[in-house]
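See below for work.txt, which holds compact mmCIF, N, CA and C atoms.
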# COMPACT_ATOMS: atom_id res chain seq x y z
N GLU Z 180 -15.07 -35.95 6.43
CA GLU Z 180 -13.63 -35.92 6.32
C GLU Z 180 -13.03 -36.47 7.60
N GLY Z 181 -11.96 -37.20 7.46
CA GLY Z 181 -11.32 -37.77 8.62
C GLY Z 181 -10.23 -38.73 8.19
N TYR Z 182 -10.16 -39.87 8.86
CA TYR Z 182 -9.12 -40.85 8.60
C TYR Z 182 -9.73 -42.24 8.48
N VAL Z 183 -9.03 -43.11 7.76
CA VAL Z 183 -9.34 -44.54 7.78
C VAL Z 183 -8.31 -45.16 8.71
N LEU Z 184 -8.78 -45.90 9.68
CA LEU Z 184 -7.90 -46.53 10.67
C LEU Z 184 -8.04 -48.04 10.54
N LEU Z 185 -6.93 -48.73 10.52
CA LEU Z 185 -6.91 -50.18 10.53
C LEU Z 185 -6.46 -50.61 11.92
N ALA Z 186 -7.38 -51.23 12.68
CA ALA Z 186 -7.10 -51.65 14.05
C ALA Z 186 -6.20 -52.89 14.04
N PRO Z 187 -5.51 -53.18 15.14
CA PRO Z 187 -4.66 -54.37 15.22
C PRO Z 187 -5.41 -55.66 14.89
N SER Z 188 -6.73 -55.67 15.10
CA SER Z 188 -7.54 -56.86 14.80
C SER Z 188 -7.75 -57.03 13.30
N GLY Z 189 -7.38 -56.01 12.50
CA GLY Z 189 -7.60 -56.04 11.07
C GLY Z 189 -8.88 -55.34 10.65
N GLN Z 190 -9.69 -54.93 11.62
CA GLN Z 190 -10.95 -54.24 11.32
C GLN Z 190 -10.68 -52.80 10.93
N GLY Z 191 -11.36 -52.32 9.89
CA GLY Z 191 -11.21 -50.95 9.44
C GLY Z 191 -12.29 -50.05 10.00
N TRP Z 192 -11.95 -48.79 10.21
CA TRP Z 192 -12.87 -47.78 10.74
C TRP Z 192 -12.68 -46.49 9.97
N LEU Z 193 -13.77 -45.79 9.71
CA LEU Z 193 -13.73 -44.45 9.15
C LEU Z 193 -13.98 -43.48 10.29
N LEU Z 194 -12.96 -42.69 10.64
CA LEU Z 194 -13.10 -41.68 11.68
C LEU Z 194 -13.56 -40.40 11.00
N ARG Z 195 -14.72 -39.87 11.42
CA ARG Z 195 -15.33 -38.73 10.74
C ARG Z 195 -15.39 -37.53 11.67
N ALA Z 196 -14.92 -36.40 11.18
CA ALA Z 196 -14.92 -35.16 11.97
C ALA Z 196 -16.34 -34.73 12.28
N GLY Z 197 -16.63 -34.50 13.57
CA GLY Z 197 -17.95 -34.03 13.98
C GLY Z 197 -19.04 -35.06 13.88
N ALA Z 198 -18.69 -36.32 13.65
CA ALA Z 198 -19.68 -37.39 13.50
C ALA Z 198 -19.13 -38.66 14.15
N GLY Z 199 -19.95 -39.71 14.15
CA GLY Z 199 -19.55 -40.97 14.74
C GLY Z 199 -18.70 -41.81 13.80
N ALA Z 200 -17.80 -42.60 14.37
CA ALA Z 200 -16.95 -43.50 13.60
C ALA Z 200 -17.81 -44.59 12.97
N LEU Z 201 -17.45 -44.99 11.75
CA LEU Z 201 -18.15 -46.06 11.06
C LEU Z 201 -17.23 -47.26 10.92
N ARG Z 202 -17.74 -48.42 11.27
CA ARG Z 202 -17.00 -49.67 11.07
C ARG Z 202 -17.09 -50.02 9.60
N LEU Z 203 -15.97 -50.35 8.98
CA LEU Z 203 -15.94 -50.67 7.56
C LEU Z 203 -15.94 -52.18 7.33
N GLY Z 204 -16.74 -52.63 6.38
CA GLY Z 204 -16.76 -54.05 6.03
C GLY Z 204 -17.30 -54.92 7.13
N GLY Z 205 -17.91 -56.01 6.75
CA GLY Z 205 -18.44 -56.96 7.72
C GLY Z 205 -19.42 -56.32 8.68
N SER Z 206 -20.29 -57.10 9.22
CA SER Z 206 -21.27 -56.55 10.15
C SER Z 206 -20.86 -56.86 11.58
N ALA Z 207 -20.99 -55.87 12.40
CA ALA Z 207 -20.69 -56.03 13.82
C ALA Z 207 -21.89 -56.63 14.53
N ALA Z 208 -21.64 -57.25 15.66
CA ALA Z 208 -22.73 -57.74 16.49
C ALA Z 208 -23.49 -56.53 17.04
N PRO Z 209 -24.76 -56.68 17.39
CA PRO Z 209 -25.50 -55.56 17.97
C PRO Z 209 -24.79 -55.04 19.22
N GLY Z 210 -24.77 -53.73 19.36
CA GLY Z 210 -24.15 -53.13 20.53
C GLY Z 210 -23.48 -51.81 20.20
N VAL Z 211 -22.75 -51.28 21.16
CA VAL Z 211 -22.01 -50.03 20.99
C VAL Z 211 -20.74 -50.36 20.20
N THR Z 212 -20.50 -49.64 19.11
CA THR Z 212 -19.27 -49.85 18.34
C THR Z 212 -18.25 -48.74 18.56
N ALA Z 213 -18.73 -47.51 18.85
CA ALA Z 213 -17.79 -46.40 19.04
C ALA Z 213 -18.46 -45.27 19.81
N VAL Z 214 -17.63 -44.50 20.49
CA VAL Z 214 -18.06 -43.25 21.13
C VAL Z 214 -17.06 -42.18 20.71
N ASP Z 215 -17.56 -41.10 20.12
CA ASP Z 215 -16.72 -39.98 19.71
C ASP Z 215 -17.02 -38.78 20.60
N PHE Z 216 -15.99 -38.03 21.00
CA PHE Z 216 -16.20 -36.83 21.80
C PHE Z 216 -15.07 -35.84 21.54
N ASP Z 217 -15.33 -34.59 21.87
CA ASP Z 217 -14.31 -33.56 21.71
C ASP Z 217 -14.13 -32.80 23.01
N ARG Z 218 -13.25 -31.81 23.00
CA ARG Z 218 -12.92 -31.07 24.22
C ARG Z 218 -14.07 -30.23 24.74
N GLN Z 219 -15.04 -29.92 23.88
CA GLN Z 219 -16.20 -29.13 24.30
C GLN Z 219 -17.30 -30.01 24.89
N GLY Z 220 -17.11 -31.34 24.86
CA GLY Z 220 -18.08 -32.25 25.44
C GLY Z 220 -19.12 -32.78 24.47
N ALA Z 221 -19.01 -32.42 23.18
CA ALA Z 221 -19.94 -32.97 22.18
C ALA Z 221 -19.68 -34.48 22.05
N VAL Z 222 -20.75 -35.27 21.96
CA VAL Z 222 -20.61 -36.73 21.93
C VAL Z 222 -21.54 -37.33 20.88
N VAL Z 223 -21.02 -38.34 20.16
CA VAL Z 223 -21.82 -39.16 19.26
C VAL Z 223 -21.58 -40.60 19.63
N VAL Z 224 -22.66 -41.35 19.85
CA VAL Z 224 -22.57 -42.78 20.15
C VAL Z 224 -23.00 -43.54 18.90
N SER Z 225 -22.17 -44.50 18.48
CA SER Z 225 -22.45 -45.30 17.30
C SER Z 225 -22.59 -46.75 17.69
N GLY Z 226 -23.37 -47.49 16.91
CA GLY Z 226 -23.54 -48.91 17.20
C GLY Z 226 -24.33 -49.63 16.15
N ARG Z 227 -24.72 -50.84 16.50
CA ARG Z 227 -25.52 -51.70 15.63
C ARG Z 227 -26.75 -52.14 16.40
N ALA Z 228 -27.87 -52.22 15.68
CA ALA Z 228 -29.14 -52.64 16.28
C ALA Z 228 -29.96 -53.31 15.18
N ALA Z 229 -31.17 -53.71 15.52
CA ALA Z 229 -32.07 -54.28 14.52
C ALA Z 229 -32.36 -53.21 13.46
N PRO Z 230 -32.34 -53.57 12.18
CA PRO Z 230 -32.65 -52.59 11.13
C PRO Z 230 -33.95 -51.85 11.42
N LYS Z 231 -33.87 -50.52 11.36
CA LYS Z 231 -34.98 -49.61 11.60
C LYS Z 231 -35.55 -49.70 13.02
N GLY Z 232 -34.84 -50.37 13.92
CA GLY Z 232 -35.30 -50.52 15.30
C GLY Z 232 -35.07 -49.26 16.12
N GLY Z 233 -35.94 -49.04 17.08
CA GLY Z 233 -35.80 -47.91 17.99
C GLY Z 233 -34.71 -48.19 19.01
N VAL Z 234 -33.92 -47.17 19.31
CA VAL Z 234 -32.84 -47.30 20.29
C VAL Z 234 -32.77 -46.04 21.16
N SER Z 235 -32.24 -46.21 22.34
CA SER Z 235 -31.97 -45.06 23.20
C SER Z 235 -30.55 -45.20 23.75
N VAL Z 236 -29.96 -44.05 24.04
CA VAL Z 236 -28.62 -44.00 24.62
C VAL Z 236 -28.75 -43.51 26.05
N TRP Z 237 -28.11 -44.22 26.95
CA TRP Z 237 -28.08 -43.85 28.37
C TRP Z 237 -26.63 -43.60 28.74
N ILE Z 238 -26.37 -42.50 29.44
CA ILE Z 238 -25.04 -42.22 29.95
C ILE Z 238 -25.14 -42.11 31.47
N ASP Z 239 -24.37 -42.93 32.14
CA ASP Z 239 -24.33 -42.91 33.61
C ASP Z 239 -25.73 -43.00 34.22
N GLY Z 240 -26.57 -43.86 33.64
CA GLY Z 240 -27.90 -44.12 34.18
C GLY Z 240 -28.99 -43.16 33.75
N ARG Z 241 -28.69 -42.18 32.89
CA ARG Z 241 -29.69 -41.22 32.41
C ARG Z 241 -29.89 -41.36 30.90
N ARG Z 242 -31.14 -41.38 30.46
CA ARG Z 242 -31.41 -41.43 29.02
C ARG Z 242 -31.10 -40.05 28.43
N VAL Z 243 -30.24 -40.04 27.39
CA VAL Z 243 -29.78 -38.76 26.83
C VAL Z 243 -30.04 -38.61 25.34
N ALA Z 244 -30.48 -39.67 24.67
CA ALA Z 244 -30.78 -39.57 23.23
C ALA Z 244 -31.64 -40.75 22.81
N GLU Z 245 -32.45 -40.52 21.78
CA GLU Z 245 -33.29 -41.58 21.21
C GLU Z 245 -33.27 -41.46 19.70
N GLY Z 246 -33.48 -42.57 19.03
CA GLY Z 246 -33.53 -42.54 17.57
C GLY Z 246 -33.81 -43.93 17.02
N ARG Z 247 -33.50 -44.09 15.74
CA ARG Z 247 -33.71 -45.37 15.06
C ARG Z 247 -32.46 -45.77 14.30
N ALA Z 248 -32.26 -47.05 14.19
CA ALA Z 248 -31.20 -47.58 13.34
C ALA Z 248 -31.63 -47.41 11.88
N ASP Z 249 -30.67 -47.34 10.99
CA ASP Z 249 -31.01 -47.24 9.57
C ASP Z 249 -31.36 -48.63 9.02
N GLU Z 250 -31.58 -48.72 7.72
CA GLU Z 250 -31.99 -49.98 7.09
C GLU Z 250 -30.95 -51.09 7.27
N ALA Z 251 -29.69 -50.71 7.44
CA ALA Z 251 -28.62 -51.70 7.63
C ALA Z 251 -28.36 -51.99 9.11
N GLY Z 252 -29.08 -51.31 10.01
CA GLY Z 252 -28.89 -51.53 11.44
C GLY Z 252 -27.84 -50.62 12.06
N GLN Z 253 -27.34 -49.64 11.30
CA GLN Z 253 -26.34 -48.71 11.80
C GLN Z 253 -27.00 -47.63 12.65
N VAL Z 254 -26.42 -47.33 13.80
CA VAL Z 254 -26.92 -46.31 14.72
C VAL Z 254 -25.84 -45.25 14.91
N SER Z 255 -26.23 -43.98 14.87
CA SER Z 255 -25.32 -42.89 15.17
C SER Z 255 -26.15 -41.77 15.78
N LEU Z 256 -26.05 -41.59 17.09
CA LEU Z 256 -26.87 -40.62 17.80
C LEU Z 256 -26.00 -39.60 18.53
N ALA Z 257 -26.28 -38.32 18.26
CA ALA Z 257 -25.58 -37.24 18.94
C ALA Z 257 -26.31 -36.92 20.23
N LEU Z 258 -25.56 -36.70 21.30
CA LEU Z 258 -26.15 -36.31 22.57
C LEU Z 258 -26.50 -34.83 22.53
N THR Z 259 -27.55 -34.47 23.23
CA THR Z 259 -28.00 -33.08 23.24
C THR Z 259 -27.33 -32.26 24.33
N GLU Z 260 -26.67 -32.91 25.27
CA GLU Z 260 -25.98 -32.21 26.36
C GLU Z 260 -24.49 -32.55 26.31
N PRO Z 261 -23.64 -31.60 26.67
CA PRO Z 261 -22.21 -31.90 26.70
C PRO Z 261 -21.87 -32.92 27.79
N LEU Z 262 -20.83 -33.66 27.56
CA LEU Z 262 -20.37 -34.67 28.50
C LEU Z 262 -19.10 -34.16 29.17
N GLY Z 263 -19.05 -34.25 30.48
CA GLY Z 263 -17.87 -33.80 31.22
C GLY Z 263 -16.76 -34.83 31.16
N PRO Z 264 -15.55 -34.43 31.49
CA PRO Z 264 -14.42 -35.37 31.50
C PRO Z 264 -14.60 -36.42 32.60
N GLY Z 265 -13.86 -37.49 32.47
CA GLY Z 265 -13.88 -38.54 33.48
C GLY Z 265 -14.49 -39.83 32.97
N ALA Z 266 -14.64 -40.78 33.88
CA ALA Z 266 -15.16 -42.10 33.54
C ALA Z 266 -16.67 -42.05 33.34
N HIS Z 267 -17.14 -42.76 32.31
CA HIS Z 267 -18.56 -42.81 32.01
C HIS Z 267 -18.96 -44.21 31.57
N ASP Z 268 -20.25 -44.48 31.71
CA ASP Z 268 -20.84 -45.74 31.29
C ASP Z 268 -21.92 -45.42 30.26
N VAL Z 269 -21.73 -45.88 29.02
CA VAL Z 269 -22.73 -45.64 27.97
C VAL Z 269 -23.46 -46.96 27.72
N LYS Z 270 -24.78 -46.84 27.58
CA LYS Z 270 -25.62 -48.01 27.33
C LYS Z 270 -26.46 -47.73 26.08
N LEU Z 271 -26.48 -48.67 25.15
CA LEU Z 271 -27.33 -48.60 23.98
C LEU Z 271 -28.44 -49.63 24.20
N PHE Z 272 -29.69 -49.15 24.22
CA PHE Z 272 -30.81 -49.99 24.61
C PHE Z 272 -31.89 -49.94 23.52
N GLY Z 273 -32.47 -51.10 23.21
CA GLY Z 273 -33.55 -51.17 22.23
C GLY Z 273 -34.11 -52.57 22.18
N ASP Z 274 -34.90 -52.86 21.16
CA ASP Z 274 -35.50 -54.19 21.00
C ASP Z 274 -34.41 -55.25 20.94
N GLY Z 275 -34.35 -56.12 21.93
CA GLY Z 275 -33.36 -57.18 21.98
C GLY Z 275 -31.94 -56.67 22.13
N LEU Z 276 -31.76 -55.45 22.58
CA LEU Z 276 -30.44 -54.85 22.68
C LEU Z 276 -30.27 -54.17 24.04
N ASP Z 277 -29.21 -54.54 24.73
CA ASP Z 277 -28.86 -53.93 26.01
C ASP Z 277 -27.35 -54.07 26.13
N ALA Z 278 -26.61 -53.10 25.56
CA ALA Z 278 -25.15 -53.20 25.49
C ALA Z 278 -24.51 -51.99 26.17
N ARG Z 279 -23.37 -52.23 26.81
CA ARG Z 279 -22.67 -51.17 27.55
C ARG Z 279 -21.23 -51.05 27.08
N LEU Z 280 -20.71 -49.85 27.29
CA LEU Z 280 -19.29 -49.59 27.07
C LEU Z 280 -18.86 -48.57 28.11
N ARG Z 281 -17.84 -48.90 28.87
CA ARG Z 281 -17.29 -47.96 29.84
C ARG Z 281 -16.05 -47.33 29.23
N PHE Z 282 -15.93 -46.00 29.41
CA PHE Z 282 -14.81 -45.30 28.80
C PHE Z 282 -14.47 -44.06 29.62
N ASP Z 283 -13.30 -43.51 29.35
CA ASP Z 283 -12.86 -42.29 30.02
C ASP Z 283 -12.85 -41.16 29.00
N ALA Z 284 -13.59 -40.10 29.29
CA ALA Z 284 -13.71 -38.96 28.38
C ALA Z 284 -12.75 -37.84 28.76
N GLY Z 285 -11.60 -38.21 29.28
CA GLY Z 285 -10.60 -37.20 29.61
C GLY Z 285 -10.12 -36.49 28.36
N ALA Z 286 -9.74 -35.24 28.51
CA ALA Z 286 -9.26 -34.46 27.37
C ALA Z 286 -8.00 -35.09 26.79
N ALA Z 287 -7.90 -35.01 25.48
CA ALA Z 287 -6.72 -35.55 24.80
C ALA Z 287 -5.50 -34.68 25.11
N ALA Z 288 -4.38 -35.33 25.32
CA ALA Z 288 -3.12 -34.61 25.47
C ALA Z 288 -2.78 -34.00 24.10
N PRO Z 289 -1.99 -32.95 24.07
CA PRO Z 289 -1.61 -32.35 22.78
C PRO Z 289 -0.98 -33.39 21.85
N LEU Z 290 -1.33 -33.28 20.57
CA LEU Z 290 -0.77 -34.17 19.55
C LEU Z 290 0.55 -33.56 19.07
N THR Z 291 1.66 -34.10 19.52
CA THR Z 291 2.96 -33.51 19.23
C THR Z 291 3.79 -34.31 18.23
N THR Z 292 3.44 -35.57 17.98
CA THR Z 292 4.25 -36.41 17.09
C THR Z 292 3.51 -36.81 15.82
N GLY Z 293 2.40 -36.19 15.55
CA GLY Z 293 1.64 -36.51 14.33
C GLY Z 293 0.20 -36.12 14.50
N PRO Z 294 -0.62 -36.40 13.48
CA PRO Z 294 -2.02 -35.97 13.52
C PRO Z 294 -2.94 -36.90 14.32
N PHE Z 295 -2.39 -38.00 14.86
CA PHE Z 295 -3.22 -38.88 15.68
C PHE Z 295 -2.36 -39.68 16.65
N ARG Z 296 -3.04 -40.22 17.67
CA ARG Z 296 -2.39 -41.09 18.66
C ARG Z 296 -3.37 -42.22 18.96
N VAL Z 297 -2.89 -43.44 18.99
CA VAL Z 297 -3.72 -44.61 19.28
C VAL Z 297 -3.17 -45.30 20.52
N GLN Z 298 -4.08 -45.64 21.45
CA GLN Z 298 -3.65 -46.34 22.66
C GLN Z 298 -4.78 -47.24 23.16
N ALA Z 299 -4.39 -48.33 23.80
CA ALA Z 299 -5.39 -49.22 24.40
C ALA Z 299 -6.04 -48.49 25.55
N SER Z 300 -7.33 -48.71 25.74
CA SER Z 300 -8.05 -48.12 26.86
C SER Z 300 -8.98 -49.17 27.45
N SER Z 301 -9.59 -48.84 28.57
CA SER Z 301 -10.49 -49.80 29.22
C SER Z 301 -11.70 -50.11 28.34
N GLY Z 302 -12.11 -49.19 27.48
CA GLY Z 302 -13.27 -49.41 26.62
C GLY Z 302 -12.94 -50.06 25.30
N GLY Z 303 -11.67 -50.14 24.95
CA GLY Z 303 -11.27 -50.71 23.66
C GLY Z 303 -10.00 -50.04 23.18
N LEU Z 304 -10.12 -49.30 22.10
CA LEU Z 304 -8.99 -48.59 21.53
C LEU Z 304 -9.34 -47.10 21.50
N ARG Z 305 -8.49 -46.25 22.06
CA ARG Z 305 -8.74 -44.81 22.04
C ARG Z 305 -7.86 -44.18 20.96
N VAL Z 306 -8.50 -43.38 20.11
CA VAL Z 306 -7.79 -42.66 19.06
C VAL Z 306 -8.06 -41.17 19.27
N ASP Z 307 -7.01 -40.40 19.51
CA ASP Z 307 -7.10 -38.94 19.57
C ASP Z 307 -6.55 -38.46 18.24
N TRP Z 308 -7.33 -37.65 17.53
CA TRP Z 308 -6.91 -37.27 16.18
C TRP Z 308 -7.32 -35.84 15.83
N MET Z 309 -6.52 -35.24 14.94
CA MET Z 309 -6.75 -33.86 14.52
C MET Z 309 -7.76 -33.84 13.38
N THR Z 310 -8.79 -33.03 13.56
CA THR Z 310 -9.81 -32.89 12.52
C THR Z 310 -9.29 -31.94 11.43
N PRO Z 311 -9.92 -31.97 10.24
CA PRO Z 311 -9.49 -31.06 9.18
C PRO Z 311 -9.54 -29.59 9.59
N GLY Z 312 -10.42 -29.24 10.54
CA GLY Z 312 -10.52 -27.87 11.01
C GLY Z 312 -9.47 -27.51 12.05
N GLY Z 313 -8.63 -28.47 12.45
CA GLY Z 313 -7.57 -28.20 13.41
C GLY Z 313 -7.89 -28.56 14.85
N GLY Z 314 -9.14 -28.95 15.14
CA GLY Z 314 -9.50 -29.38 16.48
C GLY Z 314 -9.06 -30.81 16.74
N VAL Z 315 -9.26 -31.26 17.96
CA VAL Z 315 -8.92 -32.63 18.31
C VAL Z 315 -10.21 -33.36 18.70
N GLN Z 316 -10.41 -34.51 18.11
CA GLN Z 316 -11.55 -35.37 18.42
C GLN Z 316 -11.00 -36.68 18.96
N SER Z 317 -11.70 -37.28 19.89
CA SER Z 317 -11.31 -38.57 20.45
C SER Z 317 -12.38 -39.59 20.12
N THR Z 318 -11.92 -40.79 19.78
CA THR Z 318 -12.81 -41.88 19.42
C THR Z 318 -12.44 -43.11 20.23
N ILE Z 319 -13.43 -43.69 20.90
CA ILE Z 319 -13.24 -44.97 21.58
C ILE Z 319 -13.87 -46.03 20.67
N LEU Z 320 -13.06 -46.98 20.21
CA LEU Z 320 -13.55 -48.06 19.36
C LEU Z 320 -13.71 -49.32 20.18
N ALA Z 321 -14.91 -49.86 20.22
CA ALA Z 321 -15.15 -51.12 20.93
C ALA Z 321 -14.67 -52.25 20.05
N LEU Z 322 -13.69 -52.99 20.50
CA LEU Z 322 -13.12 -54.09 19.68
C LEU Z 322 -13.51 -55.43 20.23
Show this structure as structure tokens.
Amino acid sequence: EGYVLLAPSGQGWLLRAGAGALRLGGSAAPGVTAVDFDRQGAVVVSGRAAPKGGVSVWIDGRRVAEGRADEAGQVSLALTEPLGPGAHDVKLFGDGLDARLRFDAGAAAPLTTGPFRVQASSGGLRVDWMTPGGGVQSTILAL
């Protein structure tokens, strides 16, 4: 459950509560496509890689998750440790893949004018949005 977001570029995204954002339609180039996080520090890194290829996620120079892309090359890996607020560097690494995204994991300001807020950020597009359970999740979309 979540929202469908249409970015200014025309690209569609499915924002999913407690999970990583999915790019809709068309295939993205290999790399990091989104980073989702909440106020408790839970993080999911999403991206594209070689179908069924092994990948690892590095945050600020430390390996924090490993897994495999699915048959379509989609990657969605949850970190096992909470992420603190502030600037971070995420790297998705695997066979023929070495992609980075820098982003700020600062807490979302209260949502006072609607269920979501979209703003440009250094990593791409930041979306702070209310989940169906009433919490706030933040998504950085690499555009």
Original post:
Between Z:Ala221, Z:Thr292, Z:Arg305, Z:Asp277, which has the minimum distance to Glu260 (chain Z) (counting only C-alpha atoms)?
Top reply: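 Closest to Glu260 (chain Z) of all the choices is Z:Ala221.
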Subject >> Separation of CA of Arg279 (chain Z) from CA of Gly240 (chain Z) in Å >> reply: 11.0 Å
Env of region 246-258 of chain Z: 12 Å cut, atoms = only C-alpha atoms, seq-sep filter 6 positions within chain, self excluded. Answer as a compact mmCIF listing (two decimals) with N, CA and C atoms, keeping the file's coordinate frame.
# COMPACT_ATOMS: atom_id res chain seq x y z
N ARG Z 195 -14.72 -39.87 11.42
CA ARG Z 195 -15.33 -38.73 10.74
C ARG Z 195 -15.39 -37.53 11.67
N GLY Z 197 -16.63 -34.50 13.57
CA GLY Z 197 -17.95 -34.03 13.98
C GLY Z 197 -19.04 -35.06 13.88
N ALA Z 198 -18.69 -36.32 13.65
CA ALA Z 198 -19.68 -37.39 13.50
C ALA Z 198 -19.13 -38.66 14.15
N GLY Z 199 -19.95 -39.71 14.15
CA GLY Z 199 -19.55 -40.97 14.74
C GLY Z 199 -18.70 -41.81 13.80
N ALA Z 200 -17.80 -42.60 14.37
CA ALA Z 200 -16.95 -43.50 13.60
C ALA Z 200 -17.81 -44.59 12.97
N LEU Z 201 -17.45 -44.99 11.75
CA LEU Z 201 -18.15 -46.06 11.06
C LEU Z 201 -17.23 -47.26 10.92
N ARG Z 202 -17.74 -48.42 11.27
CA ARG Z 202 -17.00 -49.67 11.07
C ARG Z 202 -17.09 -50.02 9.60
N LEU Z 203 -15.97 -50.35 8.98
CA LEU Z 203 -15.94 -50.67 7.56
C LEU Z 203 -15.94 -52.18 7.33
N GLY Z 205 -17.91 -56.01 6.75
CA GLY Z 205 -18.44 -56.96 7.72
C GLY Z 205 -19.42 -56.32 8.68
N SER Z 206 -20.29 -57.10 9.22
CA SER Z 206 -21.27 -56.55 10.15
C SER Z 206 -20.86 -56.86 11.58
N ALA Z 207 -20.99 -55.87 12.40
CA ALA Z 207 -20.69 -56.03 13.82
C ALA Z 207 -21.89 -56.63 14.53
N ALA Z 208 -21.64 -57.25 15.66
CA ALA Z 208 -22.73 -57.74 16.49
C ALA Z 208 -23.49 -56.53 17.04
N PRO Z 209 -24.76 -56.68 17.39
CA PRO Z 209 -25.50 -55.56 17.97
C PRO Z 209 -24.79 -55.04 19.22
N GLY Z 210 -24.77 -53.73 19.36
CA GLY Z 210 -24.15 -53.13 20.53
C GLY Z 210 -23.48 -51.81 20.20
N VAL Z 211 -22.75 -51.28 21.16
CA VAL Z 211 -22.01 -50.03 20.99
C VAL Z 211 -20.74 -50.36 20.20
N THR Z 212 -20.50 -49.64 19.11
CA THR Z 212 -19.27 -49.85 18.34
C THR Z 212 -18.25 -48.74 18.56
N ALA Z 213 -18.73 -47.51 18.85
CA ALA Z 213 -17.79 -46.40 19.04
C ALA Z 213 -18.46 -45.27 19.81
N VAL Z 214 -17.63 -44.50 20.49
CA VAL Z 214 -18.06 -43.25 21.13
C VAL Z 214 -17.06 -42.18 20.71
N ASP Z 215 -17.56 -41.10 20.12
CA ASP Z 215 -16.72 -39.98 19.71
C ASP Z 215 -17.02 -38.78 20.60
N PHE Z 216 -15.99 -38.03 21.00
CA PHE Z 216 -16.20 -36.83 21.80
C PHE Z 216 -15.07 -35.84 21.54
N GLY Z 220 -17.11 -31.34 24.86
CA GLY Z 220 -18.08 -32.25 25.44
C GLY Z 220 -19.12 -32.78 24.47
N ALA Z 221 -19.01 -32.42 23.18
CA ALA Z 221 -19.94 -32.97 22.18
C ALA Z 221 -19.68 -34.48 22.05
N VAL Z 222 -20.75 -35.27 21.96
CA VAL Z 222 -20.61 -36.73 21.93
C VAL Z 222 -21.54 -37.33 20.88
N VAL Z 223 -21.02 -38.34 20.16
CA VAL Z 223 -21.82 -39.16 19.26
C VAL Z 223 -21.58 -40.60 19.63
N VAL Z 224 -22.66 -41.35 19.85
CA VAL Z 224 -22.57 -42.78 20.15
C VAL Z 224 -23.00 -43.54 18.90
N SER Z 225 -22.17 -44.50 18.48
CA SER Z 225 -22.45 -45.30 17.30
C SER Z 225 -22.59 -46.75 17.69
N GLY Z 226 -23.37 -47.49 16.91
CA GLY Z 226 -23.54 -48.91 17.20
C GLY Z 226 -24.33 -49.63 16.15
N ARG Z 227 -24.72 -50.84 16.50
CA ARG Z 227 -25.52 -51.70 15.63
C ARG Z 227 -26.75 -52.14 16.40
N ALA Z 228 -27.87 -52.22 15.68
CA ALA Z 228 -29.14 -52.64 16.28
C ALA Z 228 -29.96 -53.31 15.18
N ALA Z 229 -31.17 -53.71 15.52
CA ALA Z 229 -32.07 -54.28 14.52
C ALA Z 229 -32.36 -53.21 13.46
N PRO Z 230 -32.34 -53.57 12.18
CA PRO Z 230 -32.65 -52.59 11.13
C PRO Z 230 -33.95 -51.85 11.42
N LYS Z 231 -33.87 -50.52 11.36
CA LYS Z 231 -34.98 -49.61 11.60
C LYS Z 231 -35.55 -49.70 13.02
N GLY Z 232 -34.84 -50.37 13.92
CA GLY Z 232 -35.30 -50.52 15.30
C GLY Z 232 -35.07 -49.26 16.12
N GLY Z 233 -35.94 -49.04 17.08
CA GLY Z 233 -35.80 -47.91 17.99
C GLY Z 233 -34.71 -48.19 19.01
N VAL Z 234 -33.92 -47.17 19.31
CA VAL Z 234 -32.84 -47.30 20.29
C VAL Z 234 -32.77 -46.04 21.16
N SER Z 235 -32.24 -46.21 22.34
CA SER Z 235 -31.97 -45.06 23.20
C SER Z 235 -30.55 -45.20 23.75
N VAL Z 236 -29.96 -44.05 24.04
CA VAL Z 236 -28.62 -44.00 24.62
C VAL Z 236 -28.75 -43.51 26.05
N TRP Z 237 -28.11 -44.22 26.95
CA TRP Z 237 -28.08 -43.85 28.37
C TRP Z 237 -26.63 -43.60 28.74
N ILE Z 238 -26.37 -42.50 29.44
CA ILE Z 238 -25.04 -42.22 29.95
C ILE Z 238 -25.14 -42.11 31.47
N VAL Z 269 -21.73 -45.88 29.02
CA VAL Z 269 -22.73 -45.64 27.97
C VAL Z 269 -23.46 -46.96 27.72
N LEU Z 271 -26.48 -48.67 25.15
CA LEU Z 271 -27.33 -48.60 23.98
C LEU Z 271 -28.44 -49.63 24.20
N PHE Z 272 -29.69 -49.15 24.22
CA PHE Z 272 -30.81 -49.99 24.61
C PHE Z 272 -31.89 -49.94 23.52
N GLY Z 273 -32.47 -51.10 23.21
CA GLY Z 273 -33.55 -51.17 22.23
C GLY Z 273 -34.11 -52.57 22.18
N ASP Z 274 -34.90 -52.86 21.16
CA ASP Z 274 -35.50 -54.19 21.00
C ASP Z 274 -34.41 -55.25 20.94
N LEU Z 276 -31.76 -55.45 22.58
CA LEU Z 276 -30.44 -54.85 22.68
C LEU Z 276 -30.27 -54.17 24.04
Enclosing box along x, y and z for every listed atom of region 248-259 of chain Z, padded 6 Å each side, centre and size in Å, one decimal, as lines of an AutoDock Vina configuration file:
center_x = -28.8
center_y = -42.1
center_z = 15.7
size_x = 18.9
size_y = 31.7
size_z = 29.2
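From atom N of Ile319 (chain Z) back to CA of Trp192 (chain Z), the distance works out to 11.0 Å.
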Original post:
How many Å separate atom N of Leu290 (chain Z) from CA of Gln219 (chain Z)?
Top reply: 15.9 Å
